[in-house]
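Participant: Can you keep this structure in mind? I'll have questions shortly.
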Amino acid sequence: MRVAITGGAGFIGANLARHLLDRGAEITVLDDLSTGYERNIAGLDLEFVEGSILDDHDLEALNDADAIVHLAALPSVPRSIENPLLSHEVNATGSLRVLEKARARGAHVILASSSSVYGANPILPKVESMRPMPLSPYAVSKLAAESYALAHQQVFGLPTLAFRFFNVYGPLQAPGHAYAAVVPAFTHAAVTGTTLVVHGDGKQTRDFTFVGTVVAAIGDALERRVTSTDPVNLAFGTRHSLLDVVALLEDMLDRAVPLEHVGTRAGDVRDSQADSTLITSLFGSVEPTELRDGLAQTVAWMQEYIA
Ligand SMILES: NC(=O)c1ccc[n+]([C@@H]2O[C@H](COP(=O)([O-])OP(=O)(O)OC[C@H]3O[C@@H](n4cnc5c(N)ncnc54)[C@H](O)[C@@H]3O)[C@@H](O)[C@H]2O)c1
């Protein structure tokens, strides 16, 4: 199978490329390296096209794909608050452009949406059918992207699957930049013995999902060409606070980690937890990874990465 991964030099994309190559897929990566890194896919037996989903010529990299995993996006809520127009252009318009490209060939499209679409809706766990209440331009752009995927399925019969990722973490997720996600930022601080910065009281909760589980679900979806008329939560209903993550890291590294609490961030939701009924019914063979096990793999990678 020929699979094109947009955003394939990013954290999830580079993990996915490894997973699919191990299973014999032919891979093309289209990535503009705006938040991804060529080193993430260095040495892998794949075709790398450095370019943007916003450029017609670059999009030709998707021409021969039987399936497209569309991960390219400008991630991060704070980044979208700083530049809402760019966030919309890449995440919403860019997704529409990828879907139009897929339509020309009838390619299966798996698209990355986000739990942030639930936003201000306080009900837990988050069921796919509940009303989205996005709190940030990023969340709006992701809601637009998944809606386009579902509309292309309805109107044009394009086989699509929109996954709502929750907090995905694991090896290859970069720490040390202004928009770093919480797990790499915490793991980096814990491993290097620097002060760990917590936004708010640290009791906010997330459904942390190990990247190995995410790529296993995507791989299974590609193999069985799974589609869905509803978006699908790709998380398994676990709920841990940020302080739980800190405690696990301290336990694993056998030392206390100095914490500094700073203000909460605009656009962040307080609690997040997936209802996993739909994912479990569609992907019975995909098993969640315990947070402790996933963090141990992340720490091991981080120790090697920063060494
Ligand atoms: N990591 C998470 O917890 C999480 C949660 C919810 C949703 N998501 C979504 O999953 C996808 C992958 O996220 P990630 O964590 O791997 O982030 P990432 O930043 O590591 O990967 C995104 C990739 O897209 C590339 N990209 C950005 N704009 C592009 C453009 N115009 N053309 C081509 N490539 C472009 C970047 O260079 C990067 O390699 C994104 O769509 C993100 O919104 C991630």
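Residues are referred to by chain and number: the chain letter is A, B, ... according to the order shown in the structure tokens, the number counts from 1 in that chain, and ligands are numbered separately from 1 in the order shown.
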Could you list, as a PDB file with C-alpha atoms, in the first residue's frame, all the residues within 6 Å of ligand 1, counting only C-alpha atoms and all ligand atoms?
Facilitator:
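Result file follows (result36.pdb):
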ATOM      1  CA  THR A   6       1.311  14.934   5.582  1.00  0.00           C
ATOM      2  CA  GLY A   7       3.204  16.251   8.583  1.00  0.00           C
ATOM      3  CA  GLY A   8       5.213  13.029   8.555  1.00  0.00           C
ATOM      4  CA  ALA A   9       8.353  14.681   9.937  1.00  0.00           C
ATOM      5  CA  GLY A  10       6.464  15.651  13.076  1.00  0.00           C
ATOM      6  CA  PHE A  11       6.094  13.730  16.322  1.00  0.00           C
ATOM      7  CA  ILE A  12       3.119  11.495  15.498  1.00  0.00           C
ATOM      8  CA  GLY A  13       3.939  11.304  11.769  1.00  0.00           C
ATOM      9  CA  LEU A  30       5.035  15.778   2.737  1.00  0.00           C
ATOM     10  CA  ASP A  31       6.196  18.220   5.388  1.00  0.00           C
ATOM     11  CA  ASP A  32       7.314  21.850   5.361  1.00  0.00           C
ATOM     12  CA  LEU A  33       9.400  21.348   8.534  1.00  0.00           C
ATOM     13  CA  SER A  34       7.665  24.295  10.224  1.00  0.00           C
ATOM     14  CA  THR A  35       7.291  22.372  13.504  1.00  0.00           C
ATOM     15  CA  GLY A  36       8.731  19.011  12.429  1.00  0.00           C
ATOM     16  CA  GLY A  51       6.839  21.299   0.905  1.00  0.00           C
ATOM     17  CA  SER A  52       3.530  22.677   2.067  1.00  0.00           C
ATOM     18  CA  ILE A  53      -0.045  21.438   1.864  1.00  0.00           C
ATOM     19  CA  LEU A  54      -0.850  25.049   0.925  1.00  0.00           C
ATOM     20  CA  LEU A  71      -1.392  15.126  10.208  1.00  0.00           C
ATOM     21  CA  ALA A  72       0.083  18.399   8.908  1.00  0.00           C
ATOM     22  CA  ALA A  73      -1.109  21.286  11.037  1.00  0.00           C
ATOM     23  CA  LEU A  74       0.083  24.139  13.151  1.00  0.00           C
ATOM     24  CA  PRO A  75      -0.481  22.553  16.528  1.00  0.00           C
ATOM     25  CA  VAL A  90      -2.960  25.647   7.610  1.00  0.00           C
ATOM     26  CA  ALA A 112      -6.124  14.298  12.782  1.00  0.00           C
ATOM     27  CA  SER A 113      -8.689  16.267  14.736  1.00  0.00           C
ATOM     28  CA  SER A 114      -8.420  17.112  18.398  1.00  0.00           C
ATOM     29  CA  PHE A 165      -6.570  12.802  19.375  1.00  0.00           C
ATOM     30  CA  PHE A 166      -6.363  13.627  23.061  1.00  0.00           C
ATOM     31  CA  ASN A 167      -2.971  14.329  24.712  1.00  0.00           C
ATOM     32  CA  VAL A 168      -0.632  12.170  22.681  1.00  0.00           C
TER      33      VAL A 168
END
Participant: Please provide as a PDB file with N, CA and C atoms, in the first residue's frame all residues within 8 Å of range 157-160 of chain A, with the sequence filter that same-chain residues fewer than 5 positions apart are discarded (counting only C-alpha atoms).
Facilitator:
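Writing the result to selection.pdb gives the following:
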ATOM      1  N   ALA A 102      -7.303  14.201  -2.418  1.00  0.00           N
ATOM      2  CA  ALA A 102      -7.691  12.797  -2.230  1.00  0.00           C
ATOM      3  C   ALA A 102      -8.889  12.453  -3.110  1.00  0.00           C
ATOM      4  N   ARG A 103      -9.776  13.417  -3.281  1.00  0.00           N
ATOM      5  CA  ARG A 103     -11.000  13.189  -4.061  1.00  0.00           C
ATOM      6  C   ARG A 103     -10.679  12.860  -5.511  1.00  0.00           C
ATOM      7  N   GLY A 106      -9.770   9.222  -5.096  1.00  0.00           N
ATOM      8  CA  GLY A 106     -10.571   8.323  -4.253  1.00  0.00           C
ATOM      9  C   GLY A 106      -9.761   7.705  -3.131  1.00  0.00           C
ATOM     10  N   ALA A 107      -8.700   8.421  -2.710  1.00  0.00           N
ATOM     11  CA  ALA A 107      -7.830   7.864  -1.657  1.00  0.00           C
ATOM     12  C   ALA A 107      -8.538   7.872  -0.301  1.00  0.00           C
ATOM     13  N   HIS A 108      -8.244   6.867   0.496  1.00  0.00           N
ATOM     14  CA  HIS A 108      -8.726   6.807   1.877  1.00  0.00           C
ATOM     15  C   HIS A 108      -8.020   7.900   2.677  1.00  0.00           C
ATOM     16  N   VAL A 109      -8.754   8.697   3.425  1.00  0.00           N
ATOM     17  CA  VAL A 109      -8.129   9.780   4.199  1.00  0.00           C
ATOM     18  C   VAL A 109      -8.385   9.589   5.686  1.00  0.00           C
ATOM     19  N   ILE A 110      -7.299   9.570   6.439  1.00  0.00           N
ATOM     20  CA  ILE A 110      -7.400   9.576   7.902  1.00  0.00           C
ATOM     21  C   ILE A 110      -6.880  10.927   8.355  1.00  0.00           C
ATOM     22  N   LEU A 111      -7.675  11.633   9.100  1.00  0.00           N
ATOM     23  CA  LEU A 111      -7.352  13.032   9.415  1.00  0.00           C
ATOM     24  C   LEU A 111      -7.273  13.223  10.930  1.00  0.00           C
ATOM     25  N   ALA A 149     -13.883  16.716   6.359  1.00  0.00           N
ATOM     26  CA  ALA A 149     -13.649  15.293   6.063  1.00  0.00           C
ATOM     27  C   ALA A 149     -14.976  14.538   6.048  1.00  0.00           C
ATOM     28  N   LEU A 150     -15.819  14.833   7.021  1.00  0.00           N
ATOM     29  CA  LEU A 150     -17.105  14.124   7.101  1.00  0.00           C
ATOM     30  C   LEU A 150     -18.024  14.565   5.957  1.00  0.00           C
ATOM     31  N   HIS A 152     -17.040  15.582   2.992  1.00  0.00           N
ATOM     32  CA  HIS A 152     -16.555  14.955   1.754  1.00  0.00           C
ATOM     33  C   HIS A 152     -17.019  13.504   1.660  1.00  0.00           C
ATOM     34  N   ARG A 225      -9.165  -0.180   5.898  1.00  0.00           N
ATOM     35  CA  ARG A 225      -9.839   0.956   5.229  1.00  0.00           C
ATOM     36  C   ARG A 225     -11.104   1.374   6.001  1.00  0.00           C
ATOM     37  N   VAL A 226     -10.906   1.600   7.290  1.00  0.00           N
ATOM     38  CA  VAL A 226     -12.034   1.943   8.171  1.00  0.00           C
ATOM     39  C   VAL A 226     -12.476   3.379   7.897  1.00  0.00           C
ATOM     40  N   THR A 227     -13.783   3.586   7.821  1.00  0.00           N
ATOM     41  CA  THR A 227     -14.340   4.935   7.706  1.00  0.00           C
ATOM     42  C   THR A 227     -15.375   5.104   8.812  1.00  0.00           C
ATOM     43  N   SER A 228     -15.743   6.353   9.066  1.00  0.00           N
ATOM     44  CA  SER A 228     -16.803   6.587  10.049  1.00  0.00           C
ATOM     45  C   SER A 228     -17.528   7.872   9.683  1.00  0.00           C
TER      46      SER A 228
END
Participant: Just how far from CA of Thr229 in chain A is CA of Gln153 in chain A, in Å to one decimal?
Facilitator: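 Rounded to one decimal, the two atoms are 7.5 Å apart.
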Participant: Restricting the calculation to only C-alpha atoms: of A:Arg239, A:His188, A:Arg255, A:Arg270, which residue gets closest to Gln204 in chain A?
Facilitator: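 Nearest candidate to Gln204 in chain A out of A:Arg239, A:His188, A:Arg255, A:Arg270: A:Arg270.
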Participant: So that I can check the surroundings of range 117-125 of chain A, please list as a list in words every protein, DNA and RNA residue that reaches within 7 Å of it, counting only C-alpha atoms and ignoring chain neighbours fewer than 2 positions away.
Facilitator: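 Once the nearby chain positions are removed, what remains is Ser114, Ser115, Val127, Pro132, Met133, Pro134, Leu135, Ala139, Val140, Lys142, Leu143, Val269, Gln273, Ala274 and Asp275 of chain A.
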Participant: How would the residues just chosen look if you wrote them out with N, CA and C atoms as a PDB file, in the first residue's frame?
Facilitator:
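Saved the output as out23.pdb:
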ATOM      1  N   SER A 114      -8.939  16.918  17.037  1.00  0.00           N
ATOM      2  CA  SER A 114      -8.420  17.112  18.398  1.00  0.00           C
ATOM      3  C   SER A 114      -9.546  17.158  19.429  1.00  0.00           C
ATOM      4  N   SER A 115      -9.231  16.669  20.622  1.00  0.00           N
ATOM      5  CA  SER A 115     -10.190  16.732  21.738  1.00  0.00           C
ATOM      6  C   SER A 115     -10.512  18.181  22.100  1.00  0.00           C
ATOM      7  N   VAL A 127     -18.193  12.412  24.722  1.00  0.00           N
ATOM      8  CA  VAL A 127     -18.756  11.500  23.720  1.00  0.00           C
ATOM      9  C   VAL A 127     -18.792  12.247  22.387  1.00  0.00           C
ATOM     10  N   PRO A 132     -19.817  20.342  20.235  1.00  0.00           N
ATOM     11  CA  PRO A 132     -18.479  20.942  20.341  1.00  0.00           C
ATOM     12  C   PRO A 132     -18.599  22.396  20.783  1.00  0.00           C
ATOM     13  N   MET A 133     -17.721  22.821  21.682  1.00  0.00           N
ATOM     14  CA  MET A 133     -17.728  24.217  22.144  1.00  0.00           C
ATOM     15  C   MET A 133     -16.285  24.719  22.163  1.00  0.00           C
ATOM     16  N   PRO A 134     -15.680  24.875  20.969  1.00  0.00           N
ATOM     17  CA  PRO A 134     -14.251  25.214  20.914  1.00  0.00           C
ATOM     18  C   PRO A 134     -13.928  26.514  21.632  1.00  0.00           C
ATOM     19  N   LEU A 135     -12.772  26.518  22.317  1.00  0.00           N
ATOM     20  CA  LEU A 135     -12.365  27.673  23.123  1.00  0.00           C
ATOM     21  C   LEU A 135     -11.205  28.445  22.516  1.00  0.00           C
ATOM     22  N   ALA A 139      -8.853  25.073  18.138  1.00  0.00           N
ATOM     23  CA  ALA A 139      -9.962  24.126  18.251  1.00  0.00           C
ATOM     24  C   ALA A 139     -10.981  24.346  17.130  1.00  0.00           C
ATOM     25  N   VAL A 140     -11.240  25.602  16.798  1.00  0.00           N
ATOM     26  CA  VAL A 140     -12.169  25.899  15.697  1.00  0.00           C
ATOM     27  C   VAL A 140     -11.619  25.339  14.387  1.00  0.00           C
ATOM     28  N   LYS A 142      -9.655  22.859  13.925  1.00  0.00           N
ATOM     29  CA  LYS A 142      -9.718  21.393  13.917  1.00  0.00           C
ATOM     30  C   LYS A 142     -11.150  20.915  13.689  1.00  0.00           C
ATOM     31  N   LEU A 143     -12.106  21.654  14.264  1.00  0.00           N
ATOM     32  CA  LEU A 143     -13.514  21.306  14.050  1.00  0.00           C
ATOM     33  C   LEU A 143     -13.864  21.484  12.573  1.00  0.00           C
ATOM     34  N   VAL A 269      -8.472  23.851  28.370  1.00  0.00           N
ATOM     35  CA  VAL A 269      -9.638  23.293  29.055  1.00  0.00           C
ATOM     36  C   VAL A 269      -9.192  22.724  30.398  1.00  0.00           C
ATOM     37  N   GLN A 273     -11.390  13.861  29.121  1.00  0.00           N
ATOM     38  CA  GLN A 273     -11.413  12.394  29.222  1.00  0.00           C
ATOM     39  C   GLN A 273     -12.338  11.881  28.118  1.00  0.00           C
ATOM     40  N   ALA A 274     -11.861  10.904  27.383  1.00  0.00           N
ATOM     41  CA  ALA A 274     -12.646  10.407  26.242  1.00  0.00           C
ATOM     42  C   ALA A 274     -13.640   9.348  26.677  1.00  0.00           C
ATOM     43  N   ASP A 275     -14.780   9.337  26.029  1.00  0.00           N
ATOM     44  CA  ASP A 275     -15.605   8.133  26.043  1.00  0.00           C
ATOM     45  C   ASP A 275     -15.007   7.231  24.962  1.00  0.00           C
TER      46      ASP A 275
END
Participant: Determine the nearest neighbour of Val98 in chain A from the options A:Pro84, A:Ser136, A:Val262, A:Ala67, counting only C-alpha atoms.
Facilitator: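 For Val98 in chain A, the nearest of the candidates is A:Ala67.
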Participant: Identify, on the basis of only C-alpha atoms, every residue whose closest approach to Ser276 in chain A does not exceed 6 Å; exclude the query and any residue fewer than 4 positions from it along the same chain; express the result as a PDB file with C-alpha atoms, in the first residue's frame.
Facilitator:
ATOM      1  CA  PHE A 236      -9.318   5.167  26.101  1.00  0.00           C
ATOM      2  CA  GLY A 237     -11.026   7.020  28.930  1.00  0.00           C
ATOM      3  CA  THR A 280     -13.290   0.177  21.159  1.00  0.00           C
TER       4      THR A 280
END
Participant: Give me, please, the distance in Å between CA of Val155 in chain A and CA of Gly219 in chain A, quoted to one decimal.
Facilitator: 25.9 Å
Participant: Hey, which of A:Ala300, A:Ala266, A:Leu161, A:Ala256 ends up closest to Val77 in chain A? Count only C-alpha atoms.
Facilitator: A:Ala266
